[in-house]
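See below for upload10.txt, which holds compact mmCIF, C-alpha atoms.
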```
# COMPACT_ATOMS: atom_id res chain seq x y z
CA MET F 1 -39.82 -3.79 -95.53
CA LYS F 2 -37.05 -3.19 -93.12
CA ARG F 3 -35.61 -6.00 -91.22
CA THR F 4 -34.66 -5.38 -87.63
CA ALA F 5 -31.26 -6.68 -86.89
CA LEU F 6 -31.17 -9.11 -84.05
CA VAL F 7 -29.03 -8.15 -81.08
CA ALA F 8 -26.31 -10.68 -80.41
CA TYR F 9 -26.09 -11.75 -76.73
CA GLU F 10 -23.14 -13.50 -75.27
CA SER F 11 -23.79 -17.05 -74.27
CA SER F 12 -23.41 -18.28 -70.73
CA ASP F 13 -20.37 -20.20 -71.97
CA ASP F 14 -18.77 -16.93 -72.95
CA ASP F 15 -19.52 -15.50 -69.47
CA GLU F 16 -17.75 -18.34 -67.84
CA GLN F 17 -14.73 -17.95 -70.11
CA ASP F 18 -14.40 -14.18 -69.85
CA GLU F 19 -15.37 -13.70 -66.15
CA ILE F 20 -12.49 -12.23 -64.12
CA PRO F 21 -12.05 -13.96 -60.77
CA PRO F 22 -12.52 -11.65 -57.76
CA GLN F 23 -9.33 -10.28 -56.32
CA PRO F 24 -8.73 -10.82 -52.59
CA VAL F 25 -9.42 -7.70 -50.55
CA LYS F 26 -6.28 -6.41 -48.95
CA LYS F 27 -6.62 -5.81 -45.25
CA ARG F 28 -5.62 -2.33 -44.28
CA LYS F 29 -3.46 -2.04 -41.20
CA LEU F 30 -4.72 0.19 -38.43
CA PRO F 31 -2.55 3.23 -37.77
CA THR F 32 -0.16 2.96 -34.86
CA LEU F 33 -1.42 4.58 -31.67
CA SER F 34 0.33 7.70 -30.51
CA SER F 35 2.72 7.03 -27.65
CA SER F 36 0.82 9.64 -25.65
CA LEU F 37 -2.23 7.36 -25.65
CA ILE F 38 -0.40 4.30 -24.38
CA VAL F 39 -0.35 3.94 -20.60
CA PRO F 40 2.80 2.07 -19.60
CA ALA F 41 2.42 -0.74 -17.09
CA PRO F 42 3.78 0.22 -13.67
CA LYS F 43 7.26 -1.12 -13.02
CA ASP F 44 8.35 -2.44 -9.66
CA ASP F 45 11.48 -0.34 -9.14
CA PRO F 46 12.73 -0.71 -5.56
CA THR F 47 15.11 2.24 -6.04
CA LEU F 48 12.06 4.53 -6.10
CA HIS F 49 10.72 3.14 -2.83
CA GLN F 50 13.77 2.92 -0.55
CA GLY F 51 14.35 -0.70 -1.56
CA ARG F 52 10.80 -1.87 -0.83
CA ILE F 53 9.41 -4.53 -3.15
CA ARG F 54 5.80 -4.75 -4.30
CA ALA F 55 4.27 -7.76 -2.55
CA THR F 56 1.45 -8.18 -5.09
CA PRO F 57 2.06 -7.65 -8.84
CA HIS F 58 0.13 -4.83 -10.51
CA VAL F 59 -3.07 -5.89 -12.29
CA ASP F 60 -4.88 -3.51 -14.65
CA GLY F 61 -8.31 -2.62 -13.32
CA GLN F 62 -7.45 -3.70 -9.79
CA TRP F 63 -7.24 -1.19 -6.92
CA ALA F 64 -5.32 -1.71 -3.69
CA ALA F 65 -7.29 -0.74 -0.59
CA HIS F 66 -6.52 -0.45 3.10
CA ILE F 67 -8.61 0.33 6.21
CA TYR F 68 -7.03 2.07 9.19
CA VAL F 69 -7.43 4.50 12.06
CA SER F 70 -5.40 7.68 11.68
CA ILE F 71 -3.78 9.51 14.59
CA LYS F 72 -2.65 13.02 13.66
CA LEU F 73 0.27 14.50 15.55
CA SER F 74 1.87 17.90 15.75
CA ARG F 75 5.64 18.22 15.93
CA ARG F 76 5.20 19.84 19.35
CA SER F 77 3.11 17.02 20.81
CA ALA F 78 4.45 14.95 23.69
CA LEU F 79 3.90 11.70 21.76
CA TYR F 80 5.85 12.88 18.73
CA THR F 81 8.71 14.02 20.98
CA LEU F 82 8.79 10.62 22.72
CA ILE F 83 8.73 8.77 19.39
CA GLN F 84 11.69 10.79 18.11
CA LYS F 85 13.70 10.12 21.28
CA ALA F 86 12.96 6.40 21.07
CA PHE F 87 13.85 6.35 17.37
CA GLU F 88 17.24 7.98 17.96
CA ARG F 89 17.96 5.51 20.74
CA ALA F 90 17.01 2.62 18.44
CA ARG F 91 19.30 3.88 15.66
CA GLU F 92 22.25 3.61 18.01
CA THR F 93 21.74 -0.16 17.85
CA VAL F 94 20.26 -0.44 14.33
CA PRO F 95 21.64 2.42 12.18
CA THR F 96 19.65 1.31 9.11
CA LEU F 97 16.26 2.02 10.73
CA ARG F 98 14.16 4.64 8.93
CA ASP F 99 11.37 6.49 10.66
CA ILE F 100 8.08 6.64 8.81
CA TRP F 101 8.30 10.41 8.32
CA ASP F 102 11.87 10.52 6.99
CA LEU F 103 11.81 13.24 4.29
CA ARG F 104 15.20 12.20 2.93
CA PHE F 105 13.69 9.16 1.25
CA SER F 106 10.52 10.81 -0.11
CA ASN F 107 9.78 12.38 -3.46
CA GLU F 108 8.61 16.00 -3.65
CA SER F 109 4.89 15.24 -3.52
CA GLN F 110 5.40 12.98 -0.50
CA LYS F 111 7.49 15.65 1.22
CA ASP F 112 4.74 18.24 0.76
CA GLU F 113 2.18 15.85 2.24
CA LEU F 114 4.40 14.93 5.19
CA ARG F 115 5.06 18.60 5.96
CA LYS F 116 1.31 19.25 6.23
CA THR F 117 0.60 16.60 8.82
CA LEU F 118 2.21 13.76 10.72
CA GLU F 119 0.15 10.60 11.11
CA LEU F 120 0.32 7.27 12.83
CA HIS F 121 -1.78 4.49 11.28
CA VAL F 122 -3.38 1.63 13.19
CA SER F 123 -4.22 -0.94 10.51
CA LEU F 124 -7.62 -2.66 10.51
CA SER F 125 -7.13 -4.78 7.40
CA ARG F 126 -4.61 -6.64 5.33
CA PRO F 127 -4.09 -5.31 1.80
CA ILE F 128 -7.39 -5.54 -0.11
CA PHE F 129 -7.69 -5.66 -3.90
CA LEU F 130 -10.86 -4.34 -5.53
CA ARG F 131 -12.16 -4.17 -9.07
CA ALA F 132 -13.33 -0.76 -10.25
CA HIS F 133 -17.03 -1.52 -9.79
CA GLN F 134 -16.47 -2.67 -6.20
CA ARG F 135 -14.93 0.53 -4.87
CA GLU F 136 -18.10 2.46 -4.03
CA GLU F 137 -19.82 -0.60 -2.60
CA PHE F 138 -16.81 -1.23 -0.37
CA LYS F 139 -16.67 2.36 0.90
CA GLN F 140 -20.41 2.36 1.54
CA ALA F 141 -20.06 -0.77 3.70
CA ILE F 142 -17.37 0.91 5.83
CA ARG F 143 -19.47 4.09 6.10
CA LEU F 144 -22.41 2.10 7.48
CA LEU F 145 -20.15 0.21 9.87
CA ALA F 146 -18.67 3.45 11.25
CA ARG F 147 -22.16 4.69 12.11
CA ASN F 148 -22.57 1.78 14.51
CA ILE F 149 -19.34 2.40 16.46
CA SER F 150 -19.10 5.19 19.02
CA PRO F 151 -15.96 7.35 19.34
CA PHE F 152 -13.45 5.88 21.77
CA LYS F 153 -10.01 6.38 23.27
CA ILE F 154 -6.88 4.36 22.59
CA SER F 155 -3.55 4.34 24.34
CA PHE F 156 -0.14 2.95 23.52
CA ALA F 157 1.34 0.55 26.04
CA THR F 158 4.67 -0.90 24.85
CA PHE F 159 7.22 -1.05 22.04
CA SER F 160 7.39 -4.18 19.90
CA VAL F 161 8.96 -5.55 16.73
CA LEU F 162 6.93 -7.00 13.85
CA GLU F 163 7.52 -8.36 10.35
CA ASN F 164 5.32 -8.21 7.26
CA ASP F 165 3.81 -11.42 5.87
CA GLU F 166 6.39 -11.57 3.07
CA LYS F 167 9.30 -11.31 5.55
CA THR F 168 10.81 -8.47 3.52
CA ARG F 169 10.53 -5.70 6.13
CA THR F 170 10.67 -5.42 9.90
CA PHE F 171 8.96 -2.69 11.92
CA LEU F 172 9.47 -0.95 15.23
CA ALA F 173 5.95 -0.39 16.56
CA LEU F 174 3.85 0.95 19.40
CA ASP F 175 1.32 -1.60 20.67
CA VAL F 176 -2.22 -0.47 21.45
CA GLY F 177 -3.41 -0.99 25.03
CA ALA F 178 -6.80 0.62 25.73
CA GLY F 179 -9.08 0.67 22.69
CA HIS F 180 -8.34 -2.91 21.63
CA HIS F 181 -12.00 -3.95 22.14
CA GLU F 182 -13.35 -1.15 19.91
CA LEU F 183 -10.78 -1.78 17.20
CA LYS F 184 -11.67 -5.50 17.26
CA ALA F 185 -15.36 -4.57 16.85
CA LEU F 186 -14.48 -2.59 13.71
CA VAL F 187 -12.45 -5.51 12.32
CA ASP F 188 -15.22 -8.02 13.05
CA GLY F 189 -17.79 -5.73 11.44
CA MET F 190 -15.80 -5.74 8.19
CA THR F 191 -15.60 -9.52 7.96
CA PRO F 192 -18.88 -10.13 6.06
CA THR F 193 -17.94 -7.53 3.43
CA LEU F 194 -14.46 -8.97 2.96
CA ARG F 195 -15.86 -12.49 2.62
CA ALA F 196 -18.39 -11.29 0.02
CA LEU F 197 -15.53 -9.74 -1.95
CA ARG F 198 -13.37 -12.87 -1.48
CA GLN F 199 -10.67 -10.90 0.30
CA ASN F 200 -8.45 -11.98 3.17
CA GLU F 201 -9.87 -11.20 6.58
CA TYR F 202 -7.74 -9.55 9.23
CA TYR F 203 -5.83 -11.73 11.68
CA SER F 204 -8.01 -13.79 14.01
CA ASP F 205 -5.99 -12.60 17.00
CA PRO F 206 -4.95 -9.11 15.89
CA LYS F 207 -2.14 -7.17 17.52
CA PHE F 208 -3.15 -3.58 16.92
CA HIS F 209 -0.17 -1.28 16.57
CA ALA F 210 1.24 1.83 14.93
CA SER F 211 4.57 1.45 13.13
CA ILE F 212 7.11 4.20 13.82
CA ALA F 213 10.19 2.88 11.96
CA TRP F 214 11.19 0.12 9.56
CA ALA F 215 14.13 -1.62 7.92
CA LEU F 216 14.62 -4.05 5.04
CA LEU F 217 15.19 -7.66 6.06
CA ASP F 218 18.11 -9.71 4.80
CA LYS F 219 16.60 -12.98 3.57
CA SER F 220 19.71 -14.29 1.85
CA SER F 221 21.80 -15.30 4.84
CA GLU F 222 21.93 -15.05 8.60
CA SER F 223 25.64 -15.61 8.92
CA LEU F 224 27.77 -13.13 10.83
CA GLU F 225 29.64 -12.19 7.69
CA ALA F 226 26.41 -11.43 5.84
CA THR F 227 25.16 -9.41 8.78
CA LYS F 228 28.32 -7.33 8.79
CA THR F 229 28.16 -6.75 5.04
CA THR F 230 24.57 -5.59 5.02
CA GLN F 231 25.10 -2.87 7.59
CA GLU F 232 26.35 -0.53 4.88
CA ALA F 233 25.17 0.23 1.35
CA ILE F 234 26.74 -2.04 -1.24
CA PHE F 235 27.69 -0.75 -4.69
CA THR F 236 27.16 -2.90 -7.75
CA LYS F 237 29.48 -2.91 -10.73
CA SER F 238 27.21 -0.39 -12.41
CA GLY F 239 27.59 1.96 -9.47
CA ALA F 240 23.95 1.73 -8.35
CA THR F 241 23.42 1.84 -4.60
CA GLN F 242 21.86 -1.21 -3.02
CA PHE F 243 19.72 -0.60 0.05
CA PRO F 244 21.09 -1.91 3.36
CA THR F 245 19.34 -4.79 5.09
CA ILE F 246 19.41 -6.36 8.54
CA PRO F 247 18.66 -9.90 9.77
CA CYS F 248 16.34 -8.61 12.52
CA ILE F 249 15.72 -5.93 15.14
CA PRO F 250 17.33 -7.30 18.34
CA GLU F 251 14.98 -8.21 21.16
CA ARG F 252 17.37 -6.54 23.60
CA LEU F 253 16.64 -3.23 21.86
CA ILE F 254 12.90 -3.64 22.50
CA THR F 255 13.62 -4.43 26.15
CA GLN F 256 15.77 -1.31 26.40
CA LEU F 257 13.12 0.94 24.81
CA ASN F 258 10.39 -0.39 27.10
CA GLU F 259 12.54 0.12 30.18
CA GLU F 260 13.37 3.68 29.21
CA PHE F 261 10.14 5.01 27.68
CA THR F 262 7.15 2.89 28.77
CA VAL F 263 6.24 4.95 31.85
CA ASP F 264 5.94 8.14 29.78
CA LEU F 265 4.26 6.33 26.90
CA ARG F 266 1.46 5.09 29.16
CA SER F 267 0.85 8.46 30.81
CA LYS F 268 -2.41 10.25 29.99
CA SER F 269 -0.56 13.31 28.77
CA VAL F 270 1.35 11.34 26.11
CA GLY F 271 -0.20 8.10 24.92
CA VAL F 272 -3.99 8.50 25.31
CA LEU F 273 -5.77 9.66 22.16
CA ASP F 274 -9.34 10.18 20.91
CA ILE F 275 -10.58 8.26 17.88
CA HIS F 276 -13.49 9.77 15.94
CA ASP F 277 -13.00 8.40 12.41
CA VAL F 278 -12.09 5.37 10.35
CA ASN F 279 -10.24 5.76 7.05
CA VAL F 280 -10.33 3.84 3.79
CA LYS F 281 -7.60 4.29 1.18
CA VAL F 282 -8.43 3.03 -2.32
CA GLY F 283 -5.58 3.63 -4.73
CA LYS F 284 -4.41 7.14 -3.79
CA GLU F 285 -7.84 8.32 -2.64
CA VAL F 286 -8.50 8.48 1.10
CA SER F 287 -12.07 8.56 2.43
CA THR F 288 -12.76 9.40 6.08
CA PHE F 289 -15.94 8.22 7.78
CA ARG F 290 -17.13 9.67 11.08
CA LEU F 291 -17.95 7.32 13.92
CA ARG F 292 -21.40 7.51 15.51
CA SER F 293 -21.87 10.85 17.29
```
Could you take the file, read its structure, and then write that structure out as structure tokens?
Amino acid sequence: MKRTALVAYESSDDDEQDEIPPQPVKKRKLPTLSSSLIVPAPKDDPTLHQGRIRATPHVDGQWAAHIYVSIKLSRRSALYTLIQKAFERARETVPTLRDIWDLRFSNESQKDELRKTLELHVSLSRPIFLRAHQREEFKQAIRLLARNISPFKISFATFSVLENDEKTRTFLALDVGAGHHELKALVDGMTPTLRALRQNEYYSDPKFHASIAWALLDKSSESLEATKTTQEAIFTKSGATQFPTIPCIPERLITQLNEEFTVDLRSKSVGVLDIHDVNVKVGKEVSTFRLRS
């Protein structure tokens, strides 16, 4: 009779002695993204914008927006001719003034756009900052508002000088005369939307205007020596050109311009214009909405 050999099993004690402890799993590093896939954060380089400084820092996913009325001009129009004459007269007193269409300080894409059309903008909002999902809702609100406002006429009455809220730039402007009531109705109609988006409303007592020239303001000093120094470009040790600044546009210049050009500016053949649209710029995209026909 054959005997079946018993199979020898390892005891649990042997398991505990011979068991190999688990090795820690090494974390694999993700491959580095290609530089072509990385979008660099925009840099605030004043040398690319004629010395202008970004008032609000760039925020990813946030879009700057602006509402305005656009007035298109031809180079042969009486208003454009008057503006150029006034600008040249102003530069005799303030050589650092730059007109808003100056091609010398524009990049190639800006030059192409400026050659196509000349525009004056009458602002109806402060800078507005939208998240991506708010853009269409915002434009739709302005579209509906425009349908409730009939086309109207505006005229320019006088020259004036203004400064931005940050006190970094000063502007030579044309003040709106006729049309103020209709522009105020547009501004008031936008207020509920701006409040819902937690954005700054326009000024409670707005002074509607179209800027025709600007200059950088000198905020460092108002002394005579500083004023003299800032009339010309200053060169740093590295050789980079610094943009000239001024302490202000003299009030006597505004008085002179009004005495010389106001009569023509107020004439029907020069300063009276039809308004049929309102514009919204979100980022680089401009949407135009027709007023009620």
List as a PyMOL selection string the protein and nucleic acid residues near F:Arg292, meaning an atom at most 12 Å away when only C-alpha atoms are counted, but skip any in the same chain fewer than 4 places from it.
chain F and resi 143-152+275-278
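Distance annotation: of F:Phe171, F:Trp63, F:Phe289, F:Phe208, the residue with the minimal separation from F:Ile246 is F:Phe171; atom set is all atoms listed in the file.
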Near-F:Ser269 list (12 Å; all atoms listed in the file; drop same-chain fewer than 4 positions) as a list in words:
Ser77, Ala78, Leu79, Tyr80, Leu82, Ser155, Phe156, Val263, Asp264, Leu265 and Leu273 of chain F
Distance query F:Val282 at most 9 Å, all atoms listed in the file, self and fewer than 2 positions along chain excluded, as a PyMOL selection string:
chain F and resi 63-67+128-130+135+139+280+284-287
So which residues are close to (-17.6, -5.5, 11.6), meaning at most 10 Å away in the file's coordinates with all atoms listed in the file counted, and can you show them as a PyMOL selection string?
chain F and resi 141-142+144-146+148-149+183-194
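Of the residues under consideration (F:Lys167, F:Arg89, F:Arg75, F:His133), F:Arg89 shows the shortest atom-to-atom contact distance to F:Phe261 when counting all atoms listed in the file.
Between F:Glu182 and the residues F:Leu291, F:Glu119, F:Thr81, F:Leu253, the shortest atom-to-atom distance, using only C-alpha atoms, involves F:Leu291.
Relative to atom CA of F:Ile100, atom CA of F:Ser211 is found at 7.6 Å.
Between atom CA of F:Pro250 and atom CA of F:His209 the separation is 18.6 Å.
With distances taken over all atoms listed in the file, F:Leu124 is the one residue among F:Ala215, F:Cys248, F:Ile83, F:Leu124 lying closest to F:Glu201.
Considering the residues F:Thr245, F:Tyr203, F:Leu257, F:Ser74 and counting all atoms listed in the file, F:Glu88 has its shortest atom-to-atom contact with F:Leu257.
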What's the separation between atom CA of F:Ser267 and atom CA of F:Asp175, in Å to one decimal place?
14.3 Å
